[in-house]
$ cat work.cif   # mmCIF, C-alpha atoms and all ligand atoms
data_structure
loop_
_atom_site.label_atom_id
_atom_site.label_comp_id
_atom_site.auth_asym_id
_atom_site.auth_seq_id
_atom_site.Cartn_x
_atom_site.Cartn_y
_atom_site.Cartn_z
CA MET J 1 -47.44 75.48 -23.47
CA ILE J 2 -49.35 77.96 -21.32
CA ALA J 3 -52.33 77.52 -19.05
CA VAL J 4 -54.37 80.60 -18.18
CA LEU J 5 -56.05 80.25 -14.79
CA LYS J 6 -59.47 81.53 -13.85
CA HIS J 7 -59.84 84.61 -11.72
CA GLY J 8 -60.29 83.62 -8.08
CA THR J 9 -58.01 80.55 -8.11
CA THR J 10 -56.83 80.06 -4.54
CA PRO J 11 -53.14 79.67 -3.64
CA ALA J 12 -53.86 76.08 -2.52
CA GLN J 13 -55.49 75.19 -5.86
CA LEU J 14 -52.57 76.80 -7.70
CA GLN J 15 -50.04 74.83 -5.66
CA HIS J 16 -51.92 71.59 -6.24
CA LEU J 17 -51.86 72.14 -10.01
CA VAL J 18 -48.20 73.15 -10.04
CA ASP J 19 -47.24 70.03 -8.06
CA TRP J 20 -49.16 67.85 -10.51
CA LEU J 21 -47.43 69.45 -13.51
CA LYS J 22 -44.01 69.17 -11.88
CA ARG J 23 -44.60 65.45 -11.39
CA MET J 24 -44.75 65.30 -15.21
CA ASN J 25 -41.15 66.57 -15.24
CA LEU J 26 -42.14 70.04 -16.35
CA ASP J 27 -40.76 73.33 -15.12
CA VAL J 28 -43.59 75.65 -14.23
CA HIS J 29 -43.19 79.38 -14.56
CA ILE J 30 -45.88 81.38 -12.76
CA SER J 31 -46.71 84.83 -14.05
CA GLU J 32 -49.21 86.58 -11.80
CA GLY J 33 -50.73 89.65 -13.40
CA THR J 34 -53.50 91.88 -12.11
CA GLU J 35 -56.01 90.29 -14.49
CA VAL J 36 -54.90 86.70 -14.98
CA THR J 37 -52.37 84.17 -13.76
CA VAL J 38 -50.49 82.40 -16.51
CA LEU J 39 -48.58 79.15 -16.03
CA GLY J 40 -45.79 78.64 -18.52
CA LEU J 41 -44.87 74.99 -18.91
CA ILE J 42 -41.34 74.23 -20.01
CA GLY J 43 -39.94 70.90 -21.01
CA ASP J 44 -41.38 68.01 -22.98
CA THR J 45 -45.05 68.99 -23.07
CA SER J 46 -45.90 66.38 -25.71
CA LYS J 47 -47.18 64.06 -23.00
CA VAL J 48 -49.48 66.64 -21.43
CA ASP J 49 -53.13 65.88 -22.11
CA MET J 50 -54.30 69.35 -23.15
CA ASP J 51 -57.99 68.44 -22.94
CA LEU J 52 -57.59 67.11 -19.42
CA LEU J 53 -55.70 70.22 -18.33
CA ALA J 54 -58.29 72.50 -19.96
CA SER J 55 -61.13 70.66 -18.24
CA LEU J 56 -59.84 71.42 -14.73
CA GLU J 57 -62.10 73.71 -12.76
CA ILE J 58 -59.51 76.45 -12.26
CA VAL J 59 -58.18 76.45 -15.83
CA GLN J 60 -59.60 78.98 -18.28
CA SER J 61 -57.63 78.00 -21.38
CA VAL J 62 -54.59 76.05 -22.58
CA LYS J 63 -52.48 76.93 -25.59
CA ARG J 64 -49.36 75.60 -27.20
CA ILE J 65 -46.81 78.31 -28.00
CA SER J 66 -45.85 77.59 -31.58
CA ASP J 67 -42.97 80.09 -31.63
CA PRO J 68 -39.61 78.51 -30.82
CA PHE J 69 -38.98 81.14 -28.11
CA LYS J 70 -41.00 80.26 -25.04
CA GLN J 71 -39.78 82.09 -21.94
CA ALA J 72 -39.19 85.28 -23.92
CA ASN J 73 -42.70 85.01 -25.39
CA ARG J 74 -45.30 87.58 -24.46
CA MET J 75 -47.88 84.74 -24.23
CA PHE J 76 -45.77 83.14 -21.53
CA HIS J 77 -45.57 86.34 -19.50
CA PRO J 78 -48.25 88.84 -20.53
CA MET J 79 -46.98 91.72 -18.35
CA ASP J 80 -43.94 93.76 -19.39
CA THR J 81 -40.77 92.74 -17.59
CA VAL J 82 -39.26 95.54 -15.53
CA ILE J 83 -35.52 95.18 -14.89
CA GLU J 84 -33.87 96.82 -11.90
CA ILE J 85 -30.28 97.90 -12.45
CA GLY J 86 -27.49 98.39 -9.94
CA GLU J 87 -27.51 99.78 -6.45
CA ALA J 88 -29.26 102.87 -7.79
CA LYS J 89 -32.15 100.51 -8.74
CA VAL J 90 -32.69 102.17 -12.11
CA LYS J 91 -35.77 100.61 -13.70
CA LEU J 92 -36.09 99.73 -17.37
CA GLY J 93 -39.19 98.35 -19.08
CA GLY J 94 -42.94 98.44 -18.41
CA GLY J 95 -43.16 102.21 -18.73
CA HIS J 96 -39.80 102.88 -17.06
CA PHE J 97 -37.44 104.57 -19.51
CA ALA J 98 -33.67 104.88 -19.12
CA MET J 99 -31.14 106.79 -21.19
CA ILE J 100 -27.80 104.98 -21.42
CA ALA J 101 -24.85 107.12 -22.51
CA GLY J 102 -21.09 107.14 -22.56
CA PRO J 103 -18.10 106.67 -24.82
CA CYS J 104 -17.61 103.81 -27.24
CA SER J 105 -14.42 102.92 -25.34
CA VAL J 106 -13.03 103.84 -21.97
CA GLU J 107 -9.77 105.64 -22.83
CA ASN J 108 -8.42 107.12 -19.59
CA GLU J 109 -9.65 108.28 -16.20
CA ASP J 110 -10.17 111.95 -17.10
CA GLN J 111 -12.20 111.02 -20.18
CA ILE J 112 -14.56 108.57 -18.50
CA ILE J 113 -15.09 110.71 -15.40
CA GLU J 114 -15.78 113.81 -17.45
CA VAL J 115 -18.17 112.05 -19.82
CA ALA J 116 -19.93 110.28 -16.93
CA THR J 117 -20.39 113.52 -14.99
CA ARG J 118 -21.70 115.38 -18.01
CA VAL J 119 -24.10 112.71 -19.27
CA LYS J 120 -25.47 112.36 -15.76
CA ALA J 121 -26.05 116.12 -15.55
CA ALA J 122 -27.86 115.88 -18.91
CA GLY J 123 -30.21 113.15 -17.66
CA ALA J 124 -28.53 109.79 -18.42
CA LYS J 125 -29.45 107.06 -15.94
CA ILE J 126 -26.80 104.50 -16.92
CA LEU J 127 -23.17 104.90 -18.06
CA ARG J 128 -21.88 102.84 -20.97
CA GLY J 129 -18.26 102.33 -22.02
CA GLY J 130 -16.31 99.55 -23.67
CA ALA J 131 -13.34 98.01 -21.86
CA PHE J 132 -13.02 94.93 -24.07
CA LYS J 133 -13.71 96.09 -27.62
CA PRO J 134 -14.76 93.92 -30.57
CA ARG J 135 -12.87 95.65 -33.41
CA THR J 136 -13.01 94.59 -37.03
CA SER J 137 -9.25 95.14 -37.34
CA PRO J 138 -6.75 93.46 -35.03
CA TYR J 139 -4.58 96.56 -35.43
CA ALA J 140 -7.23 98.94 -34.08
CA PHE J 141 -7.43 99.96 -30.38
CA GLN J 142 -8.72 96.90 -28.54
CA GLY J 143 -9.82 98.66 -25.36
CA LEU J 144 -8.10 98.98 -21.98
CA GLY J 145 -9.44 95.61 -20.81
CA THR J 146 -9.24 95.02 -17.06
CA GLU J 147 -7.99 98.58 -16.49
CA GLY J 148 -11.03 99.87 -18.38
CA LEU J 149 -13.33 98.01 -15.96
CA GLU J 150 -11.49 99.67 -13.06
CA LEU J 151 -12.00 103.11 -14.61
CA LEU J 152 -15.71 102.39 -15.10
CA ARG J 153 -15.94 101.49 -11.40
CA ALA J 154 -14.28 104.81 -10.57
CA ALA J 155 -16.81 106.63 -12.77
CA ARG J 156 -19.66 104.79 -11.04
CA LYS J 157 -18.25 105.82 -7.67
CA ALA J 158 -17.93 109.44 -8.79
CA THR J 159 -21.43 109.71 -10.25
CA GLY J 160 -23.59 106.92 -8.80
CA LEU J 161 -24.50 105.81 -12.35
CA PRO J 162 -24.76 102.04 -12.90
CA ILE J 163 -22.30 100.81 -15.54
CA CYS J 164 -22.87 98.81 -18.72
CA THR J 165 -19.95 97.21 -20.55
CA GLU J 166 -19.35 94.42 -23.04
CA LEU J 167 -18.20 90.91 -22.22
CA MET J 168 -16.55 89.14 -25.16
CA ASN J 169 -14.85 86.17 -23.56
CA ILE J 170 -16.22 83.57 -21.12
CA HIS J 171 -12.87 83.62 -19.28
CA HIS J 172 -13.43 87.27 -18.32
CA LEU J 173 -16.80 86.63 -16.66
CA ASP J 174 -15.43 86.65 -13.09
CA GLN J 175 -14.07 90.17 -13.70
CA PHE J 176 -17.66 91.27 -14.40
CA HIS J 177 -19.05 90.18 -11.02
CA ASP J 178 -19.86 93.75 -9.97
CA ILE J 179 -20.71 95.18 -13.39
CA ASP J 180 -24.32 96.37 -13.41
CA ILE J 181 -25.25 95.43 -16.99
CA ILE J 182 -23.28 92.92 -19.05
CA GLN J 183 -23.50 93.77 -22.73
CA ILE J 184 -23.35 90.98 -25.28
CA GLY J 185 -22.52 92.67 -28.56
CA ALA J 186 -23.72 92.18 -32.10
CA ARG J 187 -20.82 89.88 -32.90
CA ASN J 188 -21.37 87.58 -29.94
CA VAL J 189 -25.15 87.42 -29.90
CA GLN J 190 -24.97 83.89 -31.28
CA ASN J 191 -22.02 82.78 -29.18
CA PHE J 192 -24.23 80.23 -27.47
CA ASP J 193 -21.65 79.12 -24.90
CA LEU J 194 -21.23 82.73 -23.78
CA LEU J 195 -25.02 83.16 -23.61
CA LYS J 196 -25.36 80.05 -21.44
CA GLU J 197 -22.69 81.33 -19.04
CA VAL J 198 -24.30 84.76 -18.58
CA GLY J 199 -27.59 82.89 -18.21
CA LYS J 200 -26.19 81.33 -15.04
CA THR J 201 -25.70 84.77 -13.48
CA ASP J 202 -28.45 87.05 -12.20
CA LYS J 203 -27.10 90.14 -13.93
CA PRO J 204 -29.07 92.29 -16.35
CA ILE J 205 -27.85 91.40 -19.85
CA LEU J 206 -28.05 93.90 -22.71
CA LEU J 207 -28.30 91.69 -25.77
CA LYS J 208 -27.64 93.34 -29.11
CA ARG J 209 -29.20 92.27 -32.37
CA GLY J 210 -26.75 90.57 -34.74
CA ILE J 211 -25.44 92.43 -37.77
CA ALA J 212 -27.40 90.03 -39.98
CA GLY J 213 -29.75 88.77 -37.30
CA THR J 214 -33.50 88.41 -37.59
CA LEU J 215 -35.71 89.38 -34.67
CA GLN J 216 -36.53 85.72 -34.12
CA GLU J 217 -32.81 84.92 -33.89
CA LEU J 218 -32.43 87.71 -31.32
CA LEU J 219 -35.28 86.22 -29.30
CA MET J 220 -33.75 82.74 -29.54
CA SER J 221 -30.51 84.18 -28.15
CA ALA J 222 -32.51 85.71 -25.29
CA GLU J 223 -34.05 82.27 -24.80
CA TYR J 224 -30.56 80.77 -24.33
CA ILE J 225 -29.97 83.17 -21.44
CA MET J 226 -33.42 82.73 -19.93
CA SER J 227 -33.39 78.94 -20.19
CA GLU J 228 -30.38 78.96 -17.83
CA GLY J 229 -32.42 80.90 -15.27
CA ASN J 230 -31.56 84.54 -15.94
CA GLU J 231 -34.70 86.44 -16.91
CA ASN J 232 -33.05 89.88 -16.83
CA VAL J 233 -32.60 90.31 -20.55
CA ILE J 234 -32.76 93.70 -22.29
CA LEU J 235 -32.96 93.53 -26.09
CA CYS J 236 -31.12 96.10 -28.18
CA GLU J 237 -31.81 97.10 -31.78
CA ARG J 238 -28.53 98.49 -33.17
CA GLY J 239 -29.08 98.34 -36.91
CA ILE J 240 -28.59 95.56 -39.41
CA ARG J 241 -26.58 95.24 -42.59
CA THR J 242 -28.55 95.94 -45.75
CA TYR J 243 -27.55 96.99 -49.28
CA GLU J 244 -27.55 100.64 -48.16
CA THR J 245 -24.01 101.88 -47.66
CA TYR J 246 -24.62 105.55 -46.82
CA THR J 247 -25.27 104.68 -43.19
CA ARG J 248 -23.09 102.27 -41.18
CA ASN J 249 -26.13 100.03 -40.64
CA THR J 250 -29.85 100.33 -41.30
CA LEU J 251 -31.63 101.07 -38.05
CA ASP J 252 -34.81 99.02 -37.86
CA ILE J 253 -37.17 101.19 -35.81
CA SER J 254 -40.03 98.80 -36.49
CA ALA J 255 -38.12 96.29 -34.35
CA VAL J 256 -39.44 98.18 -31.30
CA PRO J 257 -43.18 97.60 -31.77
CA VAL J 258 -42.56 94.15 -33.27
CA LEU J 259 -40.54 93.07 -30.22
CA HIS J 260 -43.06 94.63 -27.85
CA LYS J 261 -45.71 92.48 -29.51
CA LEU J 262 -43.68 89.27 -29.44
CA THR J 263 -41.96 89.56 -26.07
CA HIS J 264 -42.32 91.02 -22.57
CA LEU J 265 -38.61 91.95 -22.45
CA PRO J 266 -37.57 95.63 -22.53
CA VAL J 267 -36.29 97.03 -25.82
CA VAL J 268 -33.47 99.57 -26.16
CA VAL J 269 -32.41 101.31 -29.38
CA ASP J 270 -28.81 102.24 -30.20
CA PRO J 271 -28.91 104.88 -32.96
CA SER J 272 -25.14 105.47 -32.72
CA HIS J 273 -24.13 102.08 -34.16
CA GLY J 274 -27.41 102.07 -36.07
CA THR J 275 -26.36 105.02 -38.24
CA GLY J 276 -22.62 105.59 -37.74
CA LYS J 277 -22.98 109.34 -38.21
CA ALA J 278 -23.39 111.84 -35.37
CA TYR J 279 -25.90 114.05 -37.21
CA LEU J 280 -28.27 111.11 -37.66
CA VAL J 281 -28.23 110.11 -34.00
CA PRO J 282 -30.64 112.78 -32.58
CA PRO J 283 -33.40 112.25 -35.20
CA MET J 284 -33.15 108.46 -34.87
CA ALA J 285 -33.22 108.73 -31.08
CA ALA J 286 -36.38 110.79 -31.44
CA ALA J 287 -37.85 108.11 -33.73
CA ALA J 288 -36.95 105.40 -31.23
CA ALA J 289 -38.68 107.34 -28.45
CA ALA J 290 -41.75 107.80 -30.62
CA ALA J 291 -41.80 104.08 -31.40
CA GLY J 292 -41.93 103.31 -27.68
CA ALA J 293 -38.38 102.22 -26.87
CA ASP J 294 -37.80 101.46 -23.17
CA GLY J 295 -34.32 102.91 -23.37
CA ILE J 296 -31.90 104.56 -25.78
CA MET J 297 -28.15 104.03 -25.86
CA ILE J 298 -26.00 106.90 -27.13
CA GLU J 299 -22.26 107.16 -27.66
CA VAL J 300 -20.94 110.39 -26.12
CA HIS J 301 -17.32 111.58 -26.10
CA ASN J 302 -15.81 114.73 -24.57
CA ASN J 303 -13.78 115.20 -27.76
CA PRO J 304 -15.25 113.11 -30.60
CA SER J 305 -12.60 114.07 -33.15
CA LYS J 306 -9.93 112.54 -30.87
CA ALA J 307 -11.92 109.40 -29.90
CA LEU J 308 -9.96 106.14 -30.18
CA CYS J 309 -13.10 104.39 -31.47
CA ASP J 310 -16.32 105.49 -33.23
CA GLY J 311 -15.66 109.24 -33.08
CA ALA J 312 -17.77 109.87 -36.20
CA GLN J 313 -20.93 108.67 -34.49
CA SER J 314 -20.20 110.16 -31.07
CA LEU J 315 -22.04 113.19 -29.74
CA THR J 316 -20.53 115.85 -27.52
CA PRO J 317 -22.04 116.13 -24.03
CA ASP J 318 -23.88 119.30 -25.13
CA GLN J 319 -25.35 117.55 -28.16
CA PHE J 320 -26.40 114.69 -25.91
CA ALA J 321 -28.11 117.09 -23.50
CA ASP J 322 -30.11 118.55 -26.39
CA LEU J 323 -31.02 115.06 -27.66
CA ASN J 324 -32.21 114.04 -24.20
CA ARG J 325 -34.35 117.15 -23.88
CA ARG J 326 -36.05 116.37 -27.21
CA VAL J 327 -36.52 112.70 -26.36
CA ASN J 328 -38.27 113.72 -23.15
CA ILE J 329 -40.61 116.01 -25.08
CA ILE J 330 -41.45 113.21 -27.50
CA ARG J 331 -42.03 110.70 -24.73
CA GLU J 332 -44.35 113.15 -23.05
CA ALA J 333 -46.24 113.75 -26.29
CA MET J 334 -46.64 109.99 -26.86
CA GLN J 335 -48.28 109.35 -23.44
C1 LIG R 1 -20.76 98.84 -28.66
O1 LIG R 1 -21.87 99.07 -28.15
O2 LIG R 1 -19.72 99.36 -28.27
C2 LIG R 1 -20.67 97.89 -29.79
C3 LIG R 1 -19.50 97.40 -30.18
O3 LIG R 1 -21.86 97.64 -30.35
P1 LIG R 1 -22.30 96.50 -31.39
O4 LIG R 1 -22.01 95.19 -30.75
O5 LIG R 1 -23.76 96.79 -31.56
O6 LIG R 1 -21.51 96.74 -32.65
MN MN R 2 -18.95 101.97 -30.62
#

$ encode --input "work.cif" --output "structure tokens" --more "lines below"
Ligand code: PEP
Ligand code: MN
Amino acid sequence: MIAVLKHGTTPAQLQHLVDWLKRMNLDVHISEGTEVTVLGLIGDTSKVDMDLLASLEIVQSVKRISDPFKQANRMFHPMDTVIEIGEAKVKLGGGHFAMIAGPCSVENEDQIIEVATRVKAAGAKILRGGAFKPRTSPYAFQGLGTEGLELLRAARKATGLPICTELMNIHHLDQFHDIDIIQIGARNVQNFDLLKEVGKTDKPILLKRGIAGTLQELLMSAEYIMSEGNENVILCERGIRTYETYTRNTLDISAVPVLHKLTHLPVVVDPSHGTGKAYLVPPMAAAAAAAGADGIMIEVHNNPSKALCDGAQSLTPDQFADLNRRVNIIREAMQ
């Protein structure tokens, strides 16, 4: 349930109302915008007398949120959420755009440092790289694990770029204490225990859409994280499985405006996993920019043909630089 307050409500009146609602065992989430203040009421609102609440002098309107996602709901929090990442304080959301780039997997020190240096020079704001890799085959390269996290830290130190890497297992969470963005991948987006654990941290979480996940399911997964207290959720469209087999997945660009309508959380598009083919990545990145994505995540490798994972969809640093230049032109044109 949300209560929209009238313009000119004093802090004392607001506090009085919040105290009253809290006495009904509700959690009250206050969202103060420039135009209106919205109170989001969480918990068992069935006992709240809506007419009584609506009749209060400072209350403009009261609505029940019928969607099952509440805290992620745009009604609950009308302003875009802006997420600040790492010591560099890179902003994402609410008009702040960030390019995230790096290899599918961290392979060795030379590789990650070279890619990090080159994507930074080309305009990336955040470095990605998998240390723990979710591979379809148990015989495929599984990532360097703990050593991969160390190499990402070294790349952060060398470039100043915040780092984004995937967490697959609850038991690894303490190793991620200084990771700037924890990625929850397409396979774990409905691992609800994992979502609850990252919800207890204050880290930005990049949450990928499931391979067969609806947008509502993605938002319900975000709700799991937010309901534990962590509001720093970044949603990521990375393609879904359809009957089309030419591309690795079918990238749902319409997810961007749909999610912007439904939620205040920032939306990132990953055209690398979304298409699986390097030549399709630049045009789909351009489409994502045109659709209003708050960020784009691109797999970049210094030698794609030798990559231990996802070489076919990886761009070279030069190709990435060209993509970024075009994305900037499109973003400018869309202002
Ligand atoms: C990745 O980003 O490296 C990855 C494995 O992505 P997804 O979970 O979307 O497949
Ligand atoms: Mn990959």

$ residues_around --input "work.cif" --residues "Pro271 in chain J" --least-positions-apart "4" --cutoff "9 Å" --atoms "only C-alpha atoms" --output "count of residues only"
18

$ residues_near_ligand --input "work.cif" --ligand "ligand MN 2 (chain R)" --cutoff "9 Å" --atoms "all atoms listed in the file" --output "list in words"
Pro103, Cys104, Ser105, Gly129, Gly130, Lys133, Ser272, His273, Gly276, Glu299, Cys309, Asp310, Gly311, Gln313 and Ser314 of chain J

$ closest_residue --input "work.cif" --among "J:Gly143, J:Pro257, J:Pro138, J:Pro204" --to "ligand LIG 1 (chain R)" --atoms "only C-alpha atoms and all ligand atoms"
J:Gly143

$ closest_residue --input "work.cif" --among "J:Arg153, J:His260, J:Arg135, J:Lys277" --to "ligand LIG 1 (chain R)" --atoms "only C-alpha atoms and all ligand atoms"
J:Arg135

$ residues_around --input "work.cif" --residues "His96 in chain J" --least-positions-apart "4" --cutoff "10 Å" --atoms "only C-alpha atoms" --output "PyMOL selection string"
chain J and resi 82-84+90-92+266+293-295

$ atom_distance --input "work.cif" --atom1 "CA of Arg74 in chain J" --atom2 "CA of Leu218 in chain J"
14.6 Å

$ closest_residue --input "work.cif" --among "J:Ala212, J:Ile163, J:Met220, J:Leu173" --to "Arg187 in chain J" --atoms "all atoms listed in the file"
J:Ala212

$ atom_distance --input "work.cif" --atom1 "CA of Val59 in chain J" --atom2 "CA of His264 in chain J"
22.6 Å

$ build_atoms --input "work.cif" --residues "range 274-293 of chain J" --atoms "N, CA and C atoms" --output "PDB file, in the coordinates of the input"
ATOM      1  N   GLY J 274     -26.371 102.246 -35.057  1.00  0.00           N
ATOM      2  CA  GLY J 274     -27.410 102.070 -36.070  1.00  0.00           C
ATOM      3  C   GLY J 274     -27.211 102.961 -37.288  1.00  0.00           C
ATOM      4  N   THR J 275     -26.535 104.093 -37.112  1.00  0.00           N
ATOM      5  CA  THR J 275     -26.360 105.020 -38.240  1.00  0.00           C
ATOM      6  C   THR J 275     -24.885 105.284 -38.556  1.00  0.00           C
ATOM      7  N   GLY J 276     -24.045 105.344 -37.526  1.00  0.00           N
ATOM      8  CA  GLY J 276     -22.620 105.590 -37.740  1.00  0.00           C
ATOM      9  C   GLY J 276     -22.254 107.039 -37.956  1.00  0.00           C
ATOM     10  N   LYS J 277     -23.246 107.920 -37.954  1.00  0.00           N
ATOM     11  CA  LYS J 277     -22.980 109.340 -38.210  1.00  0.00           C
ATOM     12  C   LYS J 277     -23.658 110.175 -37.131  1.00  0.00           C
ATOM     13  N   ALA J 278     -22.877 111.071 -36.510  1.00  0.00           N
ATOM     14  CA  ALA J 278     -23.390 111.840 -35.370  1.00  0.00           C
ATOM     15  C   ALA J 278     -24.661 112.616 -35.699  1.00  0.00           C
ATOM     16  N   TYR J 279     -24.730 113.196 -36.925  1.00  0.00           N
ATOM     17  CA  TYR J 279     -25.900 114.050 -37.210  1.00  0.00           C
ATOM     18  C   TYR J 279     -27.187 113.248 -37.322  1.00  0.00           C
ATOM     19  N   LEU J 280     -27.064 111.953 -37.550  1.00  0.00           N
ATOM     20  CA  LEU J 280     -28.270 111.110 -37.660  1.00  0.00           C
ATOM     21  C   LEU J 280     -28.737 110.569 -36.307  1.00  0.00           C
ATOM     22  N   VAL J 281     -27.894 110.717 -35.296  1.00  0.00           N
ATOM     23  CA  VAL J 281     -28.230 110.110 -34.000  1.00  0.00           C
ATOM     24  C   VAL J 281     -29.433 110.803 -33.329  1.00  0.00           C
ATOM     25  N   PRO J 282     -29.461 112.166 -33.240  1.00  0.00           N
ATOM     26  CA  PRO J 282     -30.640 112.780 -32.580  1.00  0.00           C
ATOM     27  C   PRO J 282     -31.971 112.457 -33.276  1.00  0.00           C
ATOM     28  N   PRO J 283     -32.075 112.571 -34.621  1.00  0.00           N
ATOM     29  CA  PRO J 283     -33.400 112.250 -35.200  1.00  0.00           C
ATOM     30  C   PRO J 283     -33.789 110.775 -35.015  1.00  0.00           C
ATOM     31  N   MET J 284     -32.811 109.878 -35.053  1.00  0.00           N
ATOM     32  CA  MET J 284     -33.150 108.460 -34.870  1.00  0.00           C
ATOM     33  C   MET J 284     -33.472 108.148 -33.410  1.00  0.00           C
ATOM     34  N   ALA J 285     -32.856 108.895 -32.493  1.00  0.00           N
ATOM     35  CA  ALA J 285     -33.220 108.730 -31.080  1.00  0.00           C
ATOM     36  C   ALA J 285     -34.656 109.187 -30.875  1.00  0.00           C
ATOM     37  N   ALA J 286     -35.009 110.279 -31.542  1.00  0.00           N
ATOM     38  CA  ALA J 286     -36.380 110.790 -31.440  1.00  0.00           C
ATOM     39  C   ALA J 286     -37.357 109.742 -32.007  1.00  0.00           C
ATOM     40  N   ALA J 287     -36.980 109.135 -33.116  1.00  0.00           N
ATOM     41  CA  ALA J 287     -37.850 108.110 -33.730  1.00  0.00           C
ATOM     42  C   ALA J 287     -37.996 106.912 -32.799  1.00  0.00           C
ATOM     43  N   ALA J 288     -36.908 106.539 -32.153  1.00  0.00           N
ATOM     44  CA  ALA J 288     -36.950 105.400 -31.230  1.00  0.00           C
ATOM     45  C   ALA J 288     -37.885 105.707 -30.054  1.00  0.00           C
ATOM     46  N   ALA J 289     -37.804 106.946 -29.562  1.00  0.00           N
ATOM     47  CA  ALA J 289     -38.680 107.340 -28.450  1.00  0.00           C
ATOM     48  C   ALA J 289     -40.138 107.295 -28.899  1.00  0.00           C
ATOM     49  N   ALA J 290     -40.375 107.787 -30.106  1.00  0.00           N
ATOM     50  CA  ALA J 290     -41.750 107.800 -30.620  1.00  0.00           C
ATOM     51  C   ALA J 290     -42.282 106.390 -30.826  1.00  0.00           C
ATOM     52  N   ALA J 291     -41.393 105.478 -31.164  1.00  0.00           N
ATOM     53  CA  ALA J 291     -41.800 104.080 -31.400  1.00  0.00           C
ATOM     54  C   ALA J 291     -42.011 103.314 -30.091  1.00  0.00           C
ATOM     55  N   GLY J 292     -41.659 103.945 -28.968  1.00  0.00           N
ATOM     56  CA  GLY J 292     -41.930 103.310 -27.680  1.00  0.00           C
ATOM     57  C   GLY J 292     -40.769 102.566 -27.055  1.00  0.00           C
ATOM     58  N   ALA J 293     -39.544 102.897 -27.456  1.00  0.00           N
ATOM     59  CA  ALA J 293     -38.380 102.220 -26.870  1.00  0.00           C
ATOM     60  C   ALA J 293     -38.362 102.412 -25.344  1.00  0.00           C
TER      61      ALA J 293
END
